[in-house]
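Next comes entry34.txt, with compact mmCIF, C-alpha atoms.
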# COMPACT_ATOMS: atom_id res chain seq x y z
CA MET O 1 -18.59 -79.57 -8.00
CA SER O 2 -21.70 -79.12 -10.17
CA VAL O 3 -23.92 -78.54 -7.12
CA ASP O 4 -21.52 -75.91 -5.74
CA ALA O 5 -21.23 -74.17 -9.13
CA THR O 6 -25.00 -74.17 -9.63
CA ALA O 7 -25.59 -72.88 -6.11
CA ALA O 8 -23.16 -70.01 -6.77
CA VAL O 9 -25.06 -69.11 -9.95
CA LEU O 10 -28.44 -69.20 -8.20
CA GLU O 11 -27.09 -66.95 -5.45
CA ALA O 12 -25.67 -64.55 -8.03
CA VAL O 13 -29.03 -64.15 -9.79
CA GLY O 14 -30.97 -63.85 -6.53
CA ALA O 15 -32.98 -67.01 -7.04
CA PRO O 16 -34.93 -68.60 -4.15
CA GLU O 17 -34.11 -72.03 -2.73
CA PRO O 18 -34.98 -74.61 -5.40
CA THR O 19 -37.29 -77.52 -4.71
CA SER O 20 -35.18 -79.84 -6.85
CA VAL O 21 -31.76 -79.87 -8.47
CA GLU O 22 -31.01 -82.50 -11.10
CA SER O 23 -27.73 -83.02 -12.92
CA LEU O 24 -28.37 -83.56 -16.64
CA ALA O 25 -26.28 -86.13 -18.45
CA GLY O 26 -25.46 -86.12 -22.13
CA GLY O 27 -23.24 -83.07 -22.32
CA THR O 28 -19.56 -83.58 -23.02
CA TYR O 29 -18.16 -80.20 -22.09
CA ASN O 30 -20.22 -78.02 -19.72
CA THR O 31 -21.87 -78.83 -16.41
CA VAL O 32 -25.64 -78.73 -16.96
CA THR O 33 -28.20 -78.75 -14.14
CA ARG O 34 -32.00 -78.57 -14.14
CA VAL O 35 -33.41 -76.50 -11.28
CA THR O 36 -37.09 -76.34 -10.31
CA PHE O 37 -38.67 -73.81 -7.96
CA GLY O 38 -41.82 -73.88 -5.90
CA ASP O 39 -43.43 -71.14 -7.99
CA GLY O 40 -43.30 -73.37 -11.09
CA ARG O 41 -40.23 -71.93 -12.71
CA ASP O 42 -38.10 -74.58 -14.42
CA TRP O 43 -34.56 -73.57 -15.35
CA VAL O 44 -31.47 -75.12 -16.86
CA VAL O 45 -28.16 -73.80 -15.55
CA LYS O 46 -25.06 -74.29 -17.69
CA VAL O 47 -21.56 -73.67 -16.32
CA PRO O 48 -18.36 -74.15 -18.37
CA PRO O 49 -15.46 -76.18 -16.95
CA ALA O 50 -12.88 -74.42 -14.83
CA HIS O 51 -10.02 -75.86 -16.91
CA ALA O 52 -8.96 -74.37 -20.22
CA THR O 53 -8.14 -77.68 -21.89
CA GLY O 54 -10.05 -78.07 -25.11
CA LEU O 55 -10.05 -77.18 -28.77
CA SER O 56 -9.30 -73.67 -29.95
CA TYR O 57 -12.85 -72.97 -31.10
CA GLU O 58 -14.26 -73.91 -27.68
CA GLN O 59 -13.20 -70.64 -26.04
CA GLY O 60 -16.24 -68.64 -25.01
CA LEU O 61 -18.82 -71.27 -25.96
CA LEU O 62 -21.47 -69.62 -23.80
CA VAL O 63 -21.23 -66.50 -25.97
CA ASN O 64 -22.22 -68.65 -28.94
CA GLU O 65 -25.04 -70.27 -27.00
CA VAL O 66 -26.56 -67.00 -25.82
CA THR O 67 -26.23 -65.64 -29.36
CA PHE O 68 -28.00 -68.69 -30.78
CA TYR O 69 -30.98 -68.51 -28.43
CA GLY O 70 -31.39 -64.79 -29.02
CA ALA O 71 -31.20 -65.12 -32.79
CA ALA O 72 -33.39 -68.23 -32.95
CA ALA O 73 -36.14 -66.74 -30.80
CA GLY O 74 -37.45 -64.78 -33.74
CA ALA O 75 -37.54 -67.81 -36.01
CA GLY O 76 -40.55 -69.34 -34.28
CA ALA O 77 -38.63 -72.42 -33.21
CA THR O 78 -39.01 -74.23 -29.90
CA ILE O 79 -35.93 -72.65 -28.36
CA PRO O 80 -35.05 -72.05 -24.68
CA GLN O 81 -35.19 -68.46 -23.52
CA VAL O 82 -32.19 -66.97 -21.72
CA VAL O 83 -33.21 -65.85 -18.23
CA HIS O 84 -29.79 -64.77 -16.94
CA SER O 85 -26.29 -64.89 -18.35
CA GLU O 86 -22.79 -63.92 -17.31
CA LEU O 87 -20.18 -64.34 -20.01
CA ASP O 88 -17.16 -63.09 -18.05
CA PRO O 89 -15.25 -66.04 -16.51
CA GLY O 90 -13.75 -63.58 -14.03
CA ALA O 91 -17.13 -62.71 -12.50
CA GLN O 92 -17.80 -63.74 -8.90
CA ALA O 93 -19.80 -66.83 -9.87
CA GLY O 94 -17.84 -67.35 -13.09
CA ALA O 95 -19.45 -67.57 -16.52
CA TYR O 96 -22.89 -69.14 -16.80
CA VAL O 97 -26.15 -69.12 -18.67
CA VAL O 98 -29.56 -69.75 -17.13
CA MET O 99 -32.33 -70.65 -19.55
CA THR O 100 -35.89 -71.93 -19.48
CA ALA O 101 -36.19 -75.70 -19.57
CA ARG O 102 -37.89 -77.14 -22.63
CA PRO O 103 -40.27 -80.10 -22.34
CA GLY O 104 -39.53 -83.59 -23.55
CA ARG O 105 -36.83 -86.22 -23.62
CA PRO O 106 -33.93 -86.50 -26.06
CA TRP O 107 -35.00 -87.99 -29.37
CA SER O 108 -32.12 -90.46 -29.05
CA ALA O 109 -33.69 -91.80 -25.82
CA VAL O 110 -37.18 -92.31 -27.27
CA ALA O 111 -36.31 -93.30 -30.86
CA GLY O 112 -36.98 -96.97 -30.15
CA ASP O 113 -40.52 -96.18 -28.97
CA LEU O 114 -41.55 -94.20 -32.04
CA THR O 115 -43.68 -95.65 -34.81
CA ALA O 116 -42.63 -95.13 -38.42
CA GLU O 117 -45.46 -92.62 -38.82
CA GLU O 118 -44.38 -90.67 -35.74
CA THR O 119 -40.79 -90.61 -36.94
CA ARG O 120 -41.81 -89.27 -40.33
CA ALA O 121 -43.93 -86.53 -38.78
CA LEU O 122 -41.10 -85.55 -36.43
CA ARG O 123 -38.60 -85.46 -39.28
CA THR O 124 -40.91 -83.12 -41.21
CA GLU O 125 -41.38 -80.85 -38.20
CA PHE O 126 -37.65 -80.91 -37.58
CA GLY O 127 -36.93 -79.89 -41.17
CA SER O 128 -39.37 -77.00 -40.87
CA ILE O 129 -37.70 -75.73 -37.69
CA VAL O 130 -34.22 -75.93 -39.23
CA GLY O 131 -35.47 -74.11 -42.31
CA GLN O 132 -36.75 -71.31 -40.10
CA LEU O 133 -33.42 -71.10 -38.27
CA HIS O 134 -31.55 -70.83 -41.55
CA GLY O 135 -33.64 -67.81 -42.46
CA VAL O 136 -31.84 -65.83 -39.74
CA THR O 137 -28.89 -63.78 -40.98
CA GLY O 138 -25.90 -62.84 -38.88
CA PRO O 139 -25.18 -59.19 -38.16
CA GLY O 140 -21.49 -58.87 -38.85
CA GLY O 141 -19.82 -61.59 -40.90
CA PHE O 142 -18.96 -65.28 -40.85
CA GLY O 143 -17.63 -67.43 -38.01
CA TYR O 144 -18.12 -67.97 -34.29
CA PRO O 145 -19.73 -65.07 -32.37
CA ALA O 146 -17.33 -65.62 -29.46
CA GLU O 147 -14.48 -64.89 -31.90
CA PRO O 148 -12.13 -67.55 -30.51
CA LEU O 149 -10.20 -67.57 -33.79
CA GLY O 150 -10.30 -63.82 -34.36
CA PRO O 151 -12.95 -61.36 -35.59
CA LEU O 152 -15.80 -62.48 -37.82
CA SER O 153 -14.67 -62.81 -41.43
CA PRO O 154 -16.07 -60.98 -44.45
CA THR O 155 -16.27 -64.21 -46.47
CA TRP O 156 -17.31 -67.77 -45.66
CA ARG O 157 -14.18 -69.18 -47.29
CA GLU O 158 -11.98 -67.09 -45.01
CA ALA O 159 -13.95 -68.11 -41.91
CA PHE O 160 -14.06 -71.80 -42.81
CA THR O 161 -10.33 -71.83 -43.56
CA ALA O 162 -9.63 -70.35 -40.13
CA MET O 163 -11.90 -72.96 -38.52
CA THR O 164 -10.26 -75.93 -40.23
CA ASP O 165 -6.75 -74.53 -39.73
CA ALA O 166 -7.49 -74.22 -36.01
CA VAL O 167 -8.69 -77.80 -35.56
CA LEU O 168 -5.74 -79.12 -37.58
CA ALA O 169 -3.39 -77.10 -35.36
CA ASP O 170 -5.16 -78.62 -32.34
CA ALA O 171 -4.63 -82.09 -33.80
CA GLU O 172 -0.91 -81.40 -34.10
CA ARG O 173 -0.73 -79.88 -30.64
CA TYR O 174 -2.47 -82.84 -29.00
CA GLY O 175 -0.91 -85.48 -31.21
CA ALA O 176 -4.36 -86.65 -32.30
CA ARG O 177 -4.62 -89.71 -34.49
CA LEU O 178 -5.81 -88.82 -37.99
CA PRO O 179 -6.05 -91.02 -41.08
CA TYR O 180 -3.91 -88.64 -43.17
CA PRO O 181 -1.07 -86.26 -42.29
CA VAL O 182 -2.27 -82.81 -41.28
CA GLY O 183 -0.54 -81.18 -44.23
CA ARG O 184 -2.30 -83.45 -46.72
CA ILE O 185 -5.71 -82.80 -45.14
CA ARG O 186 -5.10 -79.06 -45.31
CA GLU O 187 -4.21 -79.37 -49.01
CA VAL O 188 -7.38 -81.32 -49.80
CA LEU O 189 -9.62 -78.84 -48.00
CA ALA O 190 -7.94 -75.86 -49.63
CA GLY O 191 -8.22 -77.49 -53.05
CA ALA O 192 -12.00 -77.78 -52.72
CA SER O 193 -12.68 -74.47 -50.99
CA ASP O 194 -13.51 -72.42 -54.08
CA VAL O 195 -17.18 -73.53 -53.78
CA LEU O 196 -17.39 -71.72 -50.45
CA ASP O 197 -17.40 -68.43 -52.31
CA GLU O 198 -20.96 -69.24 -53.38
CA VAL O 199 -22.07 -68.59 -49.78
CA THR O 200 -22.64 -64.86 -49.43
CA ARG O 201 -25.12 -64.73 -46.52
CA PRO O 202 -24.02 -65.71 -42.97
CA ALA O 203 -26.92 -67.91 -41.91
CA LEU O 204 -27.60 -69.12 -38.37
CA VAL O 205 -26.05 -72.61 -38.17
CA HIS O 206 -26.50 -74.79 -35.05
CA PHE O 207 -23.95 -77.44 -36.17
CA ASP O 208 -24.85 -79.93 -33.43
CA LEU O 209 -28.30 -81.11 -34.47
CA TRP O 210 -27.96 -84.77 -33.61
CA GLN O 211 -30.87 -86.48 -31.86
CA GLY O 212 -29.44 -85.95 -28.38
CA ASN O 213 -30.04 -82.21 -28.77
CA LEU O 214 -33.63 -82.58 -29.97
CA LEU O 215 -36.32 -82.99 -27.32
CA VAL O 216 -39.46 -84.94 -28.14
CA THR O 217 -42.64 -84.38 -26.15
CA GLY O 218 -46.24 -85.62 -26.26
CA GLU O 219 -47.97 -88.93 -25.89
CA PRO O 220 -47.81 -91.71 -28.49
CA GLY O 221 -49.68 -90.57 -31.57
CA ALA O 222 -49.18 -86.90 -30.69
CA ARG O 223 -45.42 -86.54 -30.63
CA ARG O 224 -43.91 -83.11 -31.22
CA ILE O 225 -40.48 -81.55 -31.00
CA GLY O 226 -40.37 -79.86 -27.62
CA GLY O 227 -37.08 -78.10 -28.02
CA ILE O 228 -33.75 -77.68 -29.77
CA ILE O 229 -31.00 -77.26 -27.21
CA ASP O 230 -27.22 -76.87 -26.85
CA GLY O 231 -26.61 -74.07 -29.31
CA GLU O 232 -23.07 -73.48 -28.04
CA ARG O 233 -21.35 -74.72 -31.21
CA MET O 234 -23.27 -72.44 -33.53
CA PHE O 235 -21.68 -70.17 -36.07
CA TRP O 236 -22.70 -67.77 -38.80
CA GLY O 237 -22.05 -69.57 -42.04
CA ASP O 238 -23.23 -71.92 -44.76
CA PRO O 239 -26.68 -73.32 -43.93
CA VAL O 240 -25.93 -76.68 -45.58
CA ALA O 241 -23.38 -77.25 -42.80
CA ASP O 242 -26.27 -78.29 -40.55
CA LEU O 243 -27.04 -81.23 -42.84
CA VAL O 244 -23.89 -82.87 -41.51
CA SER O 245 -25.56 -83.43 -38.14
CA THR O 246 -29.29 -83.49 -38.96
CA SER O 247 -28.67 -86.96 -40.37
CA LEU O 248 -25.45 -87.77 -38.52
CA PHE O 249 -23.51 -90.50 -40.34
CA GLY O 250 -26.43 -90.71 -42.79
CA ASP O 251 -27.20 -89.30 -46.23
CA PRO O 252 -29.17 -86.02 -46.04
CA GLU O 253 -30.37 -86.50 -49.61
CA THR O 254 -32.43 -89.53 -48.55
CA ASP O 255 -34.02 -87.74 -45.56
CA LEU O 256 -37.12 -86.93 -47.61
CA ASP O 257 -39.43 -86.01 -44.73
CA PHE O 258 -36.89 -83.58 -43.30
CA LEU O 259 -36.34 -82.07 -46.74
CA ALA O 260 -40.09 -81.66 -47.25
CA GLY O 261 -40.41 -79.73 -43.98
CA TYR O 262 -37.33 -77.68 -44.84
CA ALA O 263 -38.72 -76.74 -48.25
CA ALA O 264 -42.06 -75.76 -46.72
CA ALA O 265 -40.28 -73.38 -44.33
CA THR O 266 -37.87 -71.86 -46.85
CA GLY O 267 -40.25 -71.72 -49.79
CA ALA O 268 -38.04 -73.76 -52.11
CA PRO O 269 -36.65 -77.29 -52.24
CA LEU O 270 -33.00 -77.77 -51.34
CA GLU O 271 -31.18 -78.79 -54.51
CA PHE O 272 -28.17 -81.07 -54.06
CA THR O 273 -26.05 -79.67 -56.85
CA PRO O 274 -22.42 -80.80 -57.21
CA SER O 275 -21.27 -77.64 -55.43
CA VAL O 276 -23.74 -78.13 -52.56
CA ARG O 277 -22.49 -81.71 -52.15
CA ARG O 278 -18.93 -80.43 -52.09
CA ARG O 279 -19.80 -77.83 -49.46
CA ILE O 280 -21.43 -80.53 -47.36
CA GLY O 281 -18.30 -82.66 -47.78
CA LEU O 282 -16.11 -79.82 -46.54
CA CYS O 283 -18.29 -79.27 -43.46
CA ARG O 284 -18.48 -83.02 -42.86
CA SER O 285 -14.67 -83.17 -42.89
CA TYR O 286 -14.55 -80.34 -40.36
CA LEU O 287 -16.93 -82.11 -37.98
CA TYR O 288 -15.05 -85.40 -38.26
CA LEU O 289 -11.75 -83.64 -37.55
CA ILE O 290 -13.28 -82.15 -34.42
CA MET O 291 -14.62 -85.53 -33.29
CA LEU O 292 -11.26 -87.24 -33.71
CA THR O 293 -9.17 -84.45 -32.20
CA GLU O 294 -11.34 -83.78 -29.14
CA THR O 295 -10.85 -87.34 -27.87
CA VAL O 296 -7.39 -86.33 -26.67
CA PRO O 297 -8.23 -83.44 -24.30
CA ARG O 298 -11.49 -85.06 -23.16
CA SER O 299 -9.83 -88.41 -22.36
CA PRO O 300 -13.02 -90.52 -22.50
CA GLY O 301 -11.08 -93.77 -22.07
CA PRO O 302 -9.44 -96.16 -24.53
CA ASP O 303 -12.64 -98.00 -25.46
CA ALA O 304 -14.49 -94.78 -26.30
CA VAL O 305 -11.51 -93.46 -28.24
CA GLU O 306 -11.37 -96.66 -30.28
CA ARG O 307 -15.11 -96.54 -30.97
CA THR O 308 -14.80 -92.97 -32.19
CA TRP O 309 -11.88 -93.91 -34.41
CA ASN O 310 -13.72 -96.87 -35.91
CA GLU O 311 -16.85 -94.79 -36.57
CA VAL O 312 -15.36 -91.52 -37.68
CA ALA O 313 -11.98 -92.14 -39.32
CA PRO O 314 -13.36 -94.17 -42.28
CA ARG O 315 -16.00 -91.50 -42.86
CA LEU O 316 -13.37 -88.77 -42.84
CA VAL O 317 -11.37 -90.75 -45.41
CA THR O 318 -14.45 -91.06 -47.62
CA ALA O 319 -15.25 -87.35 -47.31
CA LEU O 320 -11.69 -86.34 -48.17
CA GLU O 321 -11.51 -88.75 -51.08
CA GLU O 322 -14.72 -87.32 -52.52
CA LEU O 323 -13.25 -83.83 -52.22
CA MET O 324 -10.21 -84.99 -54.21
CA GLU O 325 -12.35 -86.07 -57.17

Can you dump the structure from the file as structure tokens?
Amino acid sequence: MSVDATAAVLEAVGAPEPTSVESLAGGTYNTVTRVTFGDGRDWVVKVPPAHATGLSYEQGLLVNEVTFYGAAAGAGATIPQVVHSELDPGAQAGAYVVMTARPGRPWSAVAGDLTAEETRALRTEFGSIVGQLHGVTGPGGFGYPAEPLGPLSPTWREAFTAMTDAVLADAERYGARLPYPVGRIREVLAGASDVLDEVTRPALVHFDLWQGNLLVTGEPGARRIGGIIDGERMFWGDPVADLVSTSLFGDPETDLDFLAGYAAATGAPLEFTPSVRRRIGLCRSYLYLIMLTETVPRSPGPDAVERTWNEVAPRLVTALEELME
């Protein structure tokens, strides 16, 4: 299926016969293929699934991705460039995005080979890149550019409430297993949401900055970040939301090298005030709700579902309990 879909995209954009076509693993939603041509061009072709089964916010993900790459290009980050895109699923070849391939391997795949010094340098560079991304301001409000939940909102609290309401509705619709009743979770989030009013600028937020989406290139002793990929889950919102995934399941306050790079890029250290911690807790709860709910439509198998539950559910409980304090 992926070969046929990729071939249809290449025909639609008038590309020559590729010299190699490689299916890329690691994605959990779209079909992603790397295509190389004899003239040296190296592309990545991303095609969304034909089915519509998924979470509410996942409608029109390619719109978000194209928006992210366009917005991030001016931030000086190592971001793929969009070569071709078609965002209309009803087009002849369907919806797709074709982008330049970035060099390197996923950080998650090379982490075991990195020295402590290399890891520290990469964390600092990573923090600098994220700081640059957060300097980009959205053009029209808060929320997902694809507008799967409605138009962009004038306030971050309104957008975030719509986002959490949508995933909780998905959890009810799919019968997802959550550690608390949906109504109780909604109450806890609403009770802590007043701090969201402190966010008045819709910053560019990637929201999926785990190591699988960070490419590392270079030989030992000269490692660099070669690219930040998979911007499809981006939104315009609170920049601290990205700290939920930059140190996934970790404590962003202890990620000192990342924070040093971030401060160098933004011109000021990030202060973890009580309200910032609460905003991080709200965004952490949102991500954990997504991770638990999406196991139903994606059907990864009982073992994977159980692993996700064991990893994520206790962390969601902790996040919600901290929001209750």

* Using only C-alpha atoms, can you list as a PyMOL selection string the residues within 12 Å of (-12.6, -91.2, -48.8)? -> chain O and resi 179-180+185+188+281+284-285+312-325

Could you save the residues just selected, with C-alpha atoms, as an mmCIF file, in the frame of the given file?
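The resulting file, part.cif, is shown below:
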data_model
loop_
_atom_site.group_PDB
_atom_site.id
_atom_site.type_symbol
_atom_site.label_atom_id
_atom_site.label_comp_id
_atom_site.auth_asym_id
_atom_site.auth_seq_id
_atom_site.Cartn_x
_atom_site.Cartn_y
_atom_site.Cartn_z
ATOM 1 C CA PRO O 179 -6.050 -91.020 -41.080
ATOM 2 C CA TYR O 180 -3.910 -88.640 -43.170
ATOM 3 C CA ILE O 185 -5.710 -82.800 -45.140
ATOM 4 C CA VAL O 188 -7.380 -81.320 -49.800
ATOM 5 C CA GLY O 281 -18.300 -82.660 -47.780
ATOM 6 C CA ARG O 284 -18.480 -83.020 -42.860
ATOM 7 C CA SER O 285 -14.670 -83.170 -42.890
ATOM 8 C CA VAL O 312 -15.360 -91.520 -37.680
ATOM 9 C CA ALA O 313 -11.980 -92.140 -39.320
ATOM 10 C CA PRO O 314 -13.360 -94.170 -42.280
ATOM 11 C CA ARG O 315 -16.000 -91.500 -42.860
ATOM 12 C CA LEU O 316 -13.370 -88.770 -42.840
ATOM 13 C CA VAL O 317 -11.370 -90.750 -45.410
ATOM 14 C CA THR O 318 -14.450 -91.060 -47.620
ATOM 15 C CA ALA O 319 -15.250 -87.350 -47.310
ATOM 16 C CA LEU O 320 -11.690 -86.340 -48.170
ATOM 17 C CA GLU O 321 -11.510 -88.750 -51.080
ATOM 18 C CA GLU O 322 -14.720 -87.320 -52.520
ATOM 19 C CA LEU O 323 -13.250 -83.830 -52.220
ATOM 20 C CA MET O 324 -10.210 -84.990 -54.210
ATOM 21 C CA GLU O 325 -12.350 -86.070 -57.170
#

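When all atoms listed in the file are used to compute distances to O:Leu133, the closest of the residues O:Arg173, O:His206, O:Arg307, O:Arg224 turns out to be O:His206.
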
* To do: Taking the point (-15.4, -79.2, -15.7) as given in the file, collect each protein or nucleic acid residue that comes within 8 Å of it, counting all atoms listed in the file, and present the set as a ChimeraX atom specification.
  => /O:29-31,48-51

* To do: Considering all atoms listed in the file, return as JSON, numbers by chain whatever protein or nucleic-acid residues lie within 10 Å of O:Glu22, sequence-local ones (same chain, fewer than 2 positions apart) excluded.
  => {"O": [2, 3, 20, 24, 25, 32, 33, 34, 35, 36, 44]}

* Residue with smallest distance to O:Leu55 - pool O:Arg105, O:His84, O:Arg279, O:Arg233, counting all atoms listed in the file -> O:Arg233

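Counting from atom CA of O:Glu158, the distance to atom CA of O:Ala146 is 16.5 Å.
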
Mind dumping a table of every stretch 78-190 of chain O residue within 8 Å of stretch 63-70 of chain O, with the nearest atom pair and its distance in Å to one decimal, using all atoms listed in the file, sorted by chain and rising number, as JSON lines?
{"residue": "O:Ile79", "atom": "CA", "partner": "O:Tyr69", "partner_atom": "CA", "distance": 6.5}
{"residue": "O:Pro80", "atom": "CA", "partner": "O:Tyr69", "partner_atom": "CA", "distance": 6.6}
{"residue": "O:Gln81", "atom": "CA", "partner": "O:Tyr69", "partner_atom": "CA", "distance": 6.5}
{"residue": "O:Val82", "atom": "CA", "partner": "O:Val66", "partner_atom": "CA", "distance": 7.0}
{"residue": "O:Ser85", "atom": "CA", "partner": "O:Val66", "partner_atom": "CA", "distance": 7.8}
{"residue": "O:Leu87", "atom": "CA", "partner": "O:Val63", "partner_atom": "CA", "distance": 6.4}
{"residue": "O:Val97", "atom": "CA", "partner": "O:Val66", "partner_atom": "CA", "distance": 7.5}
{"residue": "O:Tyr144", "atom": "CA", "partner": "O:Asn64", "partner_atom": "CA", "distance": 6.8}
{"residue": "O:Pro145", "atom": "CA", "partner": "O:Asn64", "partner_atom": "CA", "distance": 5.5}
{"residue": "O:Ala146", "atom": "CA", "partner": "O:Val63", "partner_atom": "CA", "distance": 5.3}

* Figure out the distance between atom CA of O:Glu219 and atom CA of O:Ala121, please, to one decimal in Å. => 13.7 Å

* Structure fact -> atom CA of O:Gly131 sits from atom CA of O:Leu204 at a separation of 10.1 Å

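With distances restricted to only C-alpha atoms, O:Met234 is the closest residue to O:Leu61 from O:Ala169, O:Leu248, O:Ala116, O:Met234.
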
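With distances taken over all atoms listed in the file, O:Gln132 is the one residue among O:Asp165, O:Asp42, O:Gln132, O:Val296 lying closest to O:Ala75.
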